[in-house]
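Beneath this line is the structure, given in structure tokens, with notes to follow.
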Amino acid sequence: MKIIFFAVLAWAVVMLGVAWFAPTQPVTATSGAAVSSAQEVALAAPASVFSARTVNRAPVEACEDAPAFTAAADRNAIDIDTLDWTPYGPQETGWRTYAPRIAVEIASGCGYDSPGFANALAGWQRAQGRPATGVLDPDSFELMKVRWHLMRPFVILNREVGCPPAPAADQLVVVRPGEAYGARPISLRADALAAYRRMVADARAELPSLARDRQALLIFSGFRSPLENDITCLERGGCDNITRAPCSAHRTGLALDIVVGAARGGRVDSTDNANRLAQSQTAAYRWLVRNAHRYGFVNYVFEPWHWEWSPPEQAGASRA
Ligand SMILES: [Zn+2]
């Protein structure tokens with residue numbers, strides 16, 4: 001088991017350089033309704049996403065009834081806003097931006113500063129063969145990050161065929177004006193757009209705040225051609241694989257950037273730490289983190305807005 005894990009980890013280190021990118025066009029700020037802690041319940045480990053790679057066997061816990069993890073909870077309560085670290089390269093403070101995704105990973109519906117959350121995290125760490133401290137430390141996050149990366153349909157596709165070609169023109173459709181954020185025409189592969197429509201309809205039916213928000217969950221980028229990708233790299237004196245990828249997921253027509261809010265005065269695609277933190281708190285993002293897998297969508301966790309759809313022809317992809 002350990003041999004398999006380290007083999008996957010070694011491969012992941014190679015793949016990590018393949019698919020990182022950022023959107024191209026600037027957009028303006030939008031709103032995003034925050035979700036209350038009372039709504040942070042009933043997180044379930046989505047079997048379809050974790051599939052064969054899952055180690056998600058944490059027990060259902062009572063959030064305050066885990067006395068062995070009181071100290072770990074206290075540590076997490078401090079670190080969540082103060083941890084000095086570099087999870088994606090640039091310096092960051094605290095791990096609150098990633099807390100909603102971590103909660104799904106460890107199958108905890110408890111508050112991030114609770115003994116129950118620490119207990120669930122300890123169960124996850126134990127299953128990974130790591131010290132079951134219950135404290136969210138950079139090494140534990142690194143393992144999660146690699147796992148999340150390997151779930152991305154585009155990363156899986158790269159592994160199978162290398163940088164993929166664009167879809168045939170007749171596979172792409174233009175999204176409706178009411179689905180697009182901004183005036184630029186946006187196209188997607190038709191099946192990905194159909195999945196997006198099912199997902200958004202359910203999200204709005206479930207959360208009235210999302211239905212009332214005229215910008216939440218709109219699409220601000222979809223298909224971007226390989227030529228557009230190349231031009232972007234040329235204009236910027238090259239693509240570095242970190243902030244801009246020479247092979248963008250958007251060339252597939254299966255990746256879309258979804259409005260999940262923004263910090264005040266920020267852009268919906270800003271990788272600024274404060275912006276991503278604000279986005280991670282919105283009802284739109286939290287609904288997606290919990291539910292998008294049921295529609296075949298997987299997030300690139302560094303960018304709360306970027307989601308990739310798993311096409312049916314893709315073997316091993318994460319599908320509901
Ligand atoms: Zn994107």
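By order of appearance in the structure tokens: chains A, B, ..., then residues from 1 within every chain, and ligands from 1 in the order shown.
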Check which residues of chain A sit at most 12 Å from ligand 1 using only C-alpha atoms and all ligand atoms, and return one row each with the closest pair of atoms and their distance in Å to one decimal, ordered by chain and rising number, as a Markdown table.
| residue | atom | partner | partner_atom_place_in_ligand_line | distance |
| --- | --- | --- | --- | --- |
| A:Ala19 | CA | ligand 1 | 1 (Zn) | 10.7 |
| A:Trp20 | CA | ligand 1 | 1 (Zn) | 9.6 |
| A:Phe21 | CA | ligand 1 | 1 (Zn) | 7.4 |
| A:Ala22 | CA | ligand 1 | 1 (Zn) | 6.2 |
| A:Pro23 | CA | ligand 1 | 1 (Zn) | 5.2 |
| A:Thr24 | CA | ligand 1 | 1 (Zn) | 8.7 |
| A:Gln25 | CA | ligand 1 | 1 (Zn) | 10.5 |
| A:Phe154 | CA | ligand 1 | 1 (Zn) | 11.1 |
| A:Ile219 | CA | ligand 1 | 1 (Zn) | 10.0 |
| A:Phe220 | CA | ligand 1 | 1 (Zn) | 8.9 |
| A:Ser221 | CA | ligand 1 | 1 (Zn) | 6.7 |
| A:Gly222 | CA | ligand 1 | 1 (Zn) | 7.4 |
| A:Phe223 | CA | ligand 1 | 1 (Zn) | 9.3 |
| A:Arg224 | CA | ligand 1 | 1 (Zn) | 9.6 |
| A:Thr243 | CA | ligand 1 | 1 (Zn) | 11.3 |
| A:Arg244 | CA | ligand 1 | 1 (Zn) | 10.6 |
| A:Ala245 | CA | ligand 1 | 1 (Zn) | 10.9 |
| A:Ser248 | CA | ligand 1 | 1 (Zn) | 8.3 |
| A:Ala249 | CA | ligand 1 | 1 (Zn) | 7.2 |
| A:His250 | CA | ligand 1 | 1 (Zn) | 6.4 |
| A:Arg251 | CA | ligand 1 | 1 (Zn) | 10.2 |
| A:Thr252 | CA | ligand 1 | 1 (Zn) | 11.2 |
| A:Gly253 | CA | ligand 1 | 1 (Zn) | 10.6 |
| A:Leu254 | CA | ligand 1 | 1 (Zn) | 9.9 |
| A:Ala255 | CA | ligand 1 | 1 (Zn) | 6.2 |
| A:Leu256 | CA | ligand 1 | 1 (Zn) | 5.5 |
| A:Asp257 | CA | ligand 1 | 1 (Zn) | 4.7 |
| A:Ile258 | CA | ligand 1 | 1 (Zn) | 8.2 |
| A:Val259 | CA | ligand 1 | 1 (Zn) | 10.8 |
| A:Val268 | CA | ligand 1 | 1 (Zn) | 11.0 |
| A:Asp269 | CA | ligand 1 | 1 (Zn) | 8.4 |
| A:Ser270 | CA | ligand 1 | 1 (Zn) | 11.3 |
| A:Thr271 | CA | ligand 1 | 1 (Zn) | 11.5 |
| A:Val298 | CA | ligand 1 | 1 (Zn) | 11.5 |
| A:Asn299 | CA | ligand 1 | 1 (Zn) | 9.4 |
| A:Tyr300 | CA | ligand 1 | 1 (Zn) | 8.3 |
| A:Val301 | CA | ligand 1 | 1 (Zn) | 11.1 |
| A:Phe302 | CA | ligand 1 | 1 (Zn) | 10.7 |
| A:Glu303 | CA | ligand 1 | 1 (Zn) | 7.7 |
| A:Pro304 | CA | ligand 1 | 1 (Zn) | 9.3 |
| A:Trp305 | CA | ligand 1 | 1 (Zn) | 6.9 |
| A:His306 | CA | ligand 1 | 1 (Zn) | 4.2 |
| A:Trp307 | CA | ligand 1 | 1 (Zn) | 6.7 |
| A:Glu308 | CA | ligand 1 | 1 (Zn) | 8.1 |
| A:Trp309 | CA | ligand 1 | 1 (Zn) | 11.5 |
Please save N, CA and C atoms of the selected residues as a compact mmCIF listing (two decimals), in the first residue's frame.
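Written output follows (selection_37.txt):
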# COMPACT_ATOMS: atom_id res chain seq x y z
N ALA A 19 -0.58 21.64 -15.09
CA ALA A 19 -1.91 22.20 -15.37
C ALA A 19 -2.26 23.47 -14.62
N TRP A 20 -1.30 24.09 -13.99
CA TRP A 20 -1.67 25.27 -13.22
C TRP A 20 -1.76 26.47 -14.14
N PHE A 21 -2.75 27.28 -13.92
CA PHE A 21 -3.00 28.38 -14.82
C PHE A 21 -3.87 29.38 -14.11
N ALA A 22 -4.07 30.51 -14.76
CA ALA A 22 -5.03 31.50 -14.25
C ALA A 22 -5.83 32.03 -15.43
N PRO A 23 -7.04 32.54 -15.17
CA PRO A 23 -7.86 33.05 -16.26
C PRO A 23 -7.21 34.25 -16.94
N THR A 24 -7.71 34.60 -18.11
CA THR A 24 -7.07 35.67 -18.86
C THR A 24 -7.74 37.02 -18.69
N GLN A 25 -9.05 37.06 -18.80
CA GLN A 25 -9.65 38.38 -18.88
C GLN A 25 -10.02 38.95 -17.51
N PHE A 154 -8.83 17.51 -15.99
CA PHE A 154 -7.80 17.95 -16.93
C PHE A 154 -6.46 17.30 -16.60
N ILE A 219 -21.19 32.21 -15.45
CA ILE A 219 -19.93 31.76 -16.04
C ILE A 219 -19.16 32.97 -16.55
N PHE A 220 -17.89 33.10 -16.16
CA PHE A 220 -17.12 34.22 -16.72
C PHE A 220 -16.00 33.79 -17.65
N SER A 221 -15.77 32.49 -17.79
CA SER A 221 -14.86 32.03 -18.84
C SER A 221 -15.14 30.56 -19.10
N GLY A 222 -14.99 30.17 -20.36
CA GLY A 222 -15.19 28.77 -20.72
C GLY A 222 -14.10 28.33 -21.67
N PHE A 223 -14.48 27.93 -22.87
CA PHE A 223 -13.49 27.48 -23.85
C PHE A 223 -12.54 28.60 -24.23
N ARG A 224 -11.25 28.30 -24.18
CA ARG A 224 -10.24 29.23 -24.70
C ARG A 224 -9.34 28.41 -25.62
N THR A 243 1.37 30.42 -12.54
CA THR A 243 0.26 31.36 -12.66
C THR A 243 -0.37 31.32 -14.05
N ARG A 244 0.38 30.86 -15.04
CA ARG A 244 -0.15 30.70 -16.40
C ARG A 244 0.40 29.39 -16.97
N ALA A 245 -0.48 28.60 -17.52
CA ALA A 245 -0.05 27.30 -18.04
C ALA A 245 0.10 27.35 -19.55
N SER A 248 -3.52 25.16 -21.10
CA SER A 248 -4.60 25.50 -20.17
C SER A 248 -5.74 24.50 -20.25
N ALA A 249 -6.35 24.22 -19.09
CA ALA A 249 -7.53 23.35 -19.05
C ALA A 249 -8.67 23.91 -19.89
N HIS A 250 -8.66 25.20 -20.12
CA HIS A 250 -9.78 25.81 -20.84
C HIS A 250 -9.80 25.46 -22.33
N ARG A 251 -8.72 24.88 -22.85
CA ARG A 251 -8.73 24.48 -24.25
C ARG A 251 -9.66 23.29 -24.50
N THR A 252 -10.05 22.59 -23.44
CA THR A 252 -10.87 21.39 -23.61
C THR A 252 -12.35 21.72 -23.80
N GLY A 253 -12.76 22.93 -23.44
CA GLY A 253 -14.19 23.25 -23.47
C GLY A 253 -14.93 22.63 -22.30
N LEU A 254 -14.19 22.01 -21.39
CA LEU A 254 -14.79 21.34 -20.23
C LEU A 254 -14.51 22.09 -18.93
N ALA A 255 -13.69 23.13 -19.01
CA ALA A 255 -13.37 23.92 -17.81
C ALA A 255 -14.16 25.22 -17.86
N LEU A 256 -14.67 25.61 -16.73
CA LEU A 256 -15.39 26.87 -16.69
C LEU A 256 -15.08 27.60 -15.39
N ASP A 257 -15.09 28.92 -15.50
CA ASP A 257 -14.87 29.77 -14.34
C ASP A 257 -16.22 30.32 -13.91
N ILE A 258 -16.56 30.07 -12.66
CA ILE A 258 -17.88 30.37 -12.13
C ILE A 258 -17.78 31.48 -11.09
N VAL A 259 -18.69 32.43 -11.14
CA VAL A 259 -18.69 33.53 -10.18
C VAL A 259 -19.07 32.99 -8.79
N VAL A 268 -13.38 38.75 -9.69
CA VAL A 268 -13.84 37.38 -9.42
C VAL A 268 -12.79 36.34 -9.79
N ASP A 269 -11.71 36.77 -10.48
CA ASP A 269 -10.64 35.82 -10.80
C ASP A 269 -9.30 36.24 -10.19
N SER A 270 -9.33 37.01 -9.14
CA SER A 270 -8.08 37.45 -8.53
C SER A 270 -7.52 36.37 -7.60
N THR A 271 -6.22 36.05 -7.81
CA THR A 271 -5.57 35.06 -6.95
C THR A 271 -5.01 35.70 -5.67
N VAL A 298 -15.14 19.19 -10.67
CA VAL A 298 -14.06 19.15 -9.70
C VAL A 298 -13.36 20.51 -9.70
N ASN A 299 -13.03 21.00 -8.54
CA ASN A 299 -12.43 22.33 -8.38
C ASN A 299 -10.90 22.25 -8.38
N TYR A 300 -10.29 23.29 -8.94
CA TYR A 300 -8.87 23.53 -8.70
C TYR A 300 -8.83 24.40 -7.45
N VAL A 301 -8.42 23.84 -6.33
CA VAL A 301 -8.70 24.43 -5.02
C VAL A 301 -8.02 25.79 -4.83
N PHE A 302 -6.92 26.03 -5.50
CA PHE A 302 -6.26 27.34 -5.39
C PHE A 302 -7.13 28.44 -5.97
N GLU A 303 -7.98 28.09 -6.93
CA GLU A 303 -8.86 29.07 -7.57
C GLU A 303 -10.31 28.67 -7.32
N PRO A 304 -10.95 29.28 -6.34
CA PRO A 304 -12.32 28.87 -5.99
C PRO A 304 -13.30 28.93 -7.16
N TRP A 305 -12.98 29.69 -8.18
CA TRP A 305 -13.89 29.86 -9.32
C TRP A 305 -13.72 28.81 -10.41
N HIS A 306 -12.60 28.09 -10.41
CA HIS A 306 -12.28 27.22 -11.55
C HIS A 306 -12.76 25.78 -11.33
N TRP A 307 -13.63 25.33 -12.22
CA TRP A 307 -14.21 24.00 -12.12
C TRP A 307 -14.07 23.27 -13.44
N GLU A 308 -13.82 21.97 -13.35
CA GLU A 308 -13.63 21.16 -14.55
C GLU A 308 -14.64 20.01 -14.55
N TRP A 309 -15.22 19.78 -15.70
CA TRP A 309 -16.24 18.73 -15.82
C TRP A 309 -15.60 17.46 -16.35
**Item:** Pro246 (chain A) environment, 7 Å, only C-alpha atoms, sequence neighbours closer than 4 positions dropped, as a ChimeraX atom specification
**Value:** /A:229-230,233,239,241
Dump of N, CA and C atoms for the selected residues, as an mmCIF file, in the first residue's frame:
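Ended up saving to out-v3.cif:
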data_model
loop_
_atom_site.group_PDB
_atom_site.id
_atom_site.type_symbol
_atom_site.label_atom_id
_atom_site.label_comp_id
_atom_site.auth_asym_id
_atom_site.auth_seq_id
_atom_site.Cartn_x
_atom_site.Cartn_y
_atom_site.Cartn_z
ATOM 1 N N ASN A 229 -4.387 30.587 -25.998
ATOM 2 C CA ASN A 229 -3.460 30.167 -24.950
ATOM 3 C C ASN A 229 -2.028 30.581 -25.306
ATOM 4 N N ASP A 230 -1.628 30.280 -26.565
ATOM 5 C CA ASP A 230 -0.273 30.609 -27.013
ATOM 6 C C ASP A 230 -0.046 32.114 -27.029
ATOM 7 N N CYS A 233 0.542 33.478 -23.642
ATOM 8 C CA CYS A 233 1.910 33.210 -23.183
ATOM 9 C C CYS A 233 2.905 34.175 -23.838
ATOM 10 N N CYS A 239 4.835 31.364 -20.392
ATOM 11 C CA CYS A 239 3.965 30.883 -19.322
ATOM 12 C C CYS A 239 4.791 30.015 -18.387
ATOM 13 N N ASN A 241 3.809 27.852 -15.907
ATOM 14 C CA ASN A 241 3.230 26.635 -15.324
ATOM 15 C C ASN A 241 2.613 26.861 -13.955
#
**Request:** Would you work out the distance separating CA of Glu105 (chain A) from CA of Leu218 (chain A), expressed in Å to one decimal?
**Result:**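 CA of Glu105 (chain A) sits 25.9 Å away from CA of Leu218 (chain A).
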**Message:** Ranking A:Ala66, A:Asp79, A:Glu160, A:Phe297 by minimum distance to Val200 (chain A) and counting only C-alpha atoms, which one comes first?
**Reply:**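 Once distances to Val200 (chain A) are computed over only C-alpha atoms, the minimum belongs to A:Phe297.
The residues of region 102-315 of chain A that DSSP assigns to strand (DSSP E or B) on this backbone come out as Leu172, Val173, Val174, Ala180, Ser187, Leu188, Arg189, Ile219, Phe220, Ser221, Ala255, Leu256, Asp257, Ile258, Thr282, Phe297, Val298, Asn299, His306, Trp307, Glu308 and Trp309 of chain A.
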**Asked** Which of these residues is nearest to Ala132 (chain A), using only C-alpha atoms: A:Gly162, A:Ala120, A:Gly109, A:Ala71?
**Response**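 Of the candidates, the smallest distance to Ala132 (chain A) is held by A:Ala120.
Proximity ranking of A:Ala72, A:Cys110, A:Ala284, A:Ile102 relative to Arg212 (chain A) places A:Ala284 first, based on only C-alpha atoms.
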**Contact residues around Pro138 (chain A) with only C-alpha atoms at 8 Å, ignoring same-chain residues under 4 positions, as a list in words** =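 Close residues of Pro138 (chain A): Trp85, Pro87 and Glu142 of chain A.
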Next, dump the selected residues to file, keeping only N, CA and C atoms, as a compact mmCIF listing (two decimals), in the first residue's frame.
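Generated file (out.txt):
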# COMPACT_ATOMS: atom_id res chain seq x y z
N TRP A 85 2.73 30.07 6.02
CA TRP A 85 3.12 28.94 5.18
C TRP A 85 3.01 29.31 3.70
N PRO A 87 1.53 27.15 0.85
CA PRO A 87 0.95 25.93 0.30
C PRO A 87 0.97 25.85 -1.22
N GLU A 142 -0.39 19.17 2.29
CA GLU A 142 0.29 18.80 1.05
C GLU A 142 -0.27 17.49 0.49
**Request:** Skip Cys63 (chain A) itself and residues of its chain fewer than 6 positions away, then list as a list in words all residues within 12 Å of it, counting only C-alpha atoms.
**Result:** Val41, Phe69, Thr70, Ala73, Ser108, Gly109, Cys110, Gly111, Tyr112, Asp113, Ser114, Pro115, Gly116, Phe117, Ala118, Asn119 and Ala120 of chain A
**Prompt:** Nearest to Leu157 (chain A) among A:Ala216, A:Ala194, A:Arg75, A:Cys247, with distances taken over only C-alpha atoms: which residue is it?
**Reply:**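 Among A:Ala216, A:Ala194, A:Arg75, A:Cys247, it is A:Cys247 that comes nearest to Leu157 (chain A).
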**Prompt:** For Ala168 (chain A), which of A:Met199, A:Met151, A:Ala205, A:Ala190 is the closest residue, counting only C-alpha atoms?
**Reply:**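 When distances to Ala168 (chain A) are compared using only C-alpha atoms, the smallest one comes from A:Ala190.
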**Request:** Using CA of Ala122 (chain A) and CA of Leu136 (chain A) as the two end points, give the distance in Å to one decimal.
**Result:**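 Value for the CA of Ala122 (chain A)-CA of Leu136 (chain A) distance: 9.1 Å.
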With a distance cut-off of 10 Å and only C-alpha atoms, select the neighbouring residues of Gln171 (chain A), excluding the residue or stretch itself and same-chain residues fewer than 2 positions from it, and output the selection as a PDB file with N, CA and C atoms, in the first residue's frame.
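The resulting file, out_20.pdb, is reproduced below:
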ATOM      1  N   ALA A 166      -8.133  20.931 -28.943  1.00  0.00           N
ATOM      2  CA  ALA A 166      -9.442  21.548 -28.726  1.00  0.00           C
ATOM      3  C   ALA A 166     -10.522  20.630 -29.292  1.00  0.00           C
ATOM      4  N   PRO A 167     -11.730  20.711 -28.753  1.00  0.00           N
ATOM      5  CA  PRO A 167     -12.826  19.917 -29.315  1.00  0.00           C
ATOM      6  C   PRO A 167     -13.212  20.434 -30.701  1.00  0.00           C
ATOM      7  N   ALA A 168     -13.900  19.594 -31.477  1.00  0.00           N
ATOM      8  CA  ALA A 168     -14.400  20.034 -32.780  1.00  0.00           C
ATOM      9  C   ALA A 168     -15.381  21.193 -32.564  1.00  0.00           C
ATOM     10  N   ALA A 169     -15.413  22.077 -33.550  1.00  0.00           N
ATOM     11  CA  ALA A 169     -16.248  23.279 -33.411  1.00  0.00           C
ATOM     12  C   ALA A 169     -17.707  22.935 -33.160  1.00  0.00           C
ATOM     13  N   VAL A 173     -20.938  25.034 -27.801  1.00  0.00           N
ATOM     14  CA  VAL A 173     -22.141  25.867 -27.898  1.00  0.00           C
ATOM     15  C   VAL A 173     -21.907  27.131 -27.080  1.00  0.00           C
ATOM     16  N   SER A 187     -18.198  30.057 -24.809  1.00  0.00           N
ATOM     17  CA  SER A 187     -18.668  28.760 -25.293  1.00  0.00           C
ATOM     18  C   SER A 187     -18.091  27.636 -24.439  1.00  0.00           C
ATOM     19  N   LEU A 188     -18.821  26.535 -24.440  1.00  0.00           N
ATOM     20  CA  LEU A 188     -18.421  25.343 -23.696  1.00  0.00           C
ATOM     21  C   LEU A 188     -18.806  24.121 -24.519  1.00  0.00           C
ATOM     22  N   ARG A 189     -18.248  22.989 -24.180  1.00  0.00           N
ATOM     23  CA  ARG A 189     -18.738  21.771 -24.792  1.00  0.00           C
ATOM     24  C   ARG A 189     -20.177  21.571 -24.335  1.00  0.00           C
ATOM     25  N   ALA A 190     -21.029  21.120 -25.233  1.00  0.00           N
ATOM     26  CA  ALA A 190     -22.462  21.086 -24.961  1.00  0.00           C
ATOM     27  C   ALA A 190     -22.799  20.235 -23.738  1.00  0.00           C
ATOM     28  N   ASP A 191     -22.111  19.105 -23.585  1.00  0.00           N
ATOM     29  CA  ASP A 191     -22.449  18.245 -22.446  1.00  0.00           C
ATOM     30  C   ASP A 191     -22.014  18.863 -21.114  1.00  0.00           C
ATOM     31  N   GLY A 253     -12.764  22.932 -23.443  1.00  0.00           N
ATOM     32  CA  GLY A 253     -14.190  23.252 -23.472  1.00  0.00           C
ATOM     33  C   GLY A 253     -14.931  22.632 -22.304  1.00  0.00           C
TER      34      GLY A 253
END
